[in-house]
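Engineer: Structure below; questions to follow.
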Amino acid sequence: MQHSKLVRHTIGTSGSSAASLGHWPRPVKEDKVIAVNRVTLGGLACGLALLLLAAACGSGGLSTNGPFGTSGQNSATICAWTTPGGVVYDGLEEFYDTGGTATVDKVTLVHPRRLRLVAAWVAEADGPVAGLGKGYPHPSRAWHHVPGAVVRRTRGQEVLDLVIVVKPTRKLGTATAINLYYQVGGTHYLRHFPDGLKIVVGHTCA
């Protein structure tokens, strides 16, 4: 019997100037003020440009609002257990393809600690195909191995399932989320799954 546990968590210069009648500012001082203002504005513009560049580099230039949808505001901690040296499969991440034919480039764990990603597939189905459990799943012809998985647009009740196999390297392995990188029509996207993983070795989840 498989023992697992899904715990849900809800995520959620001022200045002043005064003019005195009958006192005119000296031209030299006025020129200095203008020069200082230009330098200040130039520095602010450069700083803003650097911030925008850093933000773009940090996101990798990938859109998270692609045909595979966006991550929700809720996250979960998926807990499962395995025997020493064993693995766990997770096929609980469902999504849709509202665009054209897509190619899945890679899947990664986010902030993994003592947890290694062993294998990944994208399965085309009309519902869940794997669930959660110990050991390896049993792929069918509708499962496409990552990297290089090619999937078509979903219609009607069709869904896509991300199925992964992970292996803890210690008594407890964790990850905060899962990222899936894909492309459609030459445009690259990121699908973020906010579900975390907690894999326990030797005993069931507390």
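Chain identifiers are assigned as A, B, and so on, following the order in which chains appear in the structure tokens; residues are numbered from 1 within each chain, and ligands are numbered from 1 in order of appearance.
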Identify all residues of stretch 123-156 of chain A in strand (DSSP E or B) (DSSP on the backbone) and supply them as a count of residues only.
Structural biologist: 13
Engineer: As a PDB file with C-alpha atoms, in the first residue's frame, please: the residues near stretch 183-196 of chain A (cut-off 7 Å, only C-alpha atoms, same-chain neighbours under 6 positions excluded).
Structural biologist:
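Final file, selection38.pdb:
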ATOM      1  CA  LEU A  62      11.549  33.321 -20.625  1.00  0.00           C
ATOM      2  CA  SER A  63       7.840  34.063 -20.506  1.00  0.00           C
ATOM      3  CA  THR A  64       5.832  32.284 -17.814  1.00  0.00           C
ATOM      4  CA  GLY A  66       2.735  30.584 -22.428  1.00  0.00           C
ATOM      5  CA  PHE A  68       1.115  25.569 -21.084  1.00  0.00           C
ATOM      6  CA  GLY A  69      -0.529  28.079 -18.735  1.00  0.00           C
ATOM      7  CA  THR A  70       0.785  29.851 -15.651  1.00  0.00           C
ATOM      8  CA  SER A  71       1.378  28.688 -12.095  1.00  0.00           C
ATOM      9  CA  SER A  75       1.104  25.555  -3.599  1.00  0.00           C
ATOM     10  CA  ALA A  76       1.270  22.123  -2.042  1.00  0.00           C
ATOM     11  CA  THR A  77       3.848  19.982  -0.327  1.00  0.00           C
ATOM     12  CA  ILE A  78       3.757  16.498  -1.811  1.00  0.00           C
ATOM     13  CA  GLY A 100       0.514  24.527 -31.260  1.00  0.00           C
ATOM     14  CA  THR A 101       2.929  21.630 -31.188  1.00  0.00           C
ATOM     15  CA  ALA A 102       5.389  22.055 -28.315  1.00  0.00           C
ATOM     16  CA  THR A 103       8.793  20.621 -27.519  1.00  0.00           C
ATOM     17  CA  VAL A 104       9.800  20.124 -23.885  1.00  0.00           C
ATOM     18  CA  ALA A 175      12.556  20.570  -3.413  1.00  0.00           C
ATOM     19  CA  THR A 176      10.481  23.740  -3.342  1.00  0.00           C
ATOM     20  CA  ALA A 177       8.958  23.463  -6.827  1.00  0.00           C
TER      21      ALA A 177
END
Engineer: Identify, on the basis of only C-alpha atoms, every residue whose closest approach to stretch 163-166 of chain A does not exceed 6 Å; exclude the query and any residue fewer than 5 positions from it along the same chain; express the result as a list in words.
Structural biologist: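 So, after excluding close chain neighbours, the residues are Val87, Val88, Tyr89, Asp90, Gly91, Arg116, Leu117, Val118, Ala119, Ala120 and Trp121 of chain A.
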Engineer: Counting only C-alpha atoms, figure out which residue out of A:Gly202, A:Gly133, A:Pro67, A:Gly99 gets nearest to A:Leu172.
Structural biologist: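 Looking only at the distances to A:Leu172, the closest residue turns out to be A:Gly202.
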Engineer: Hey, can you check how far atom CA of A:His138 sits from atom CA of A:Asp126?
Structural biologist: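 Pair atom CA of A:His138 / atom CA of A:Asp126 returns 16.8 Å.
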Engineer: Grab the atom CA of A:Tyr96 to atom CA of A:Arg155 distance for me, in Å with one decimal place.
Structural biologist: 8.6 Å
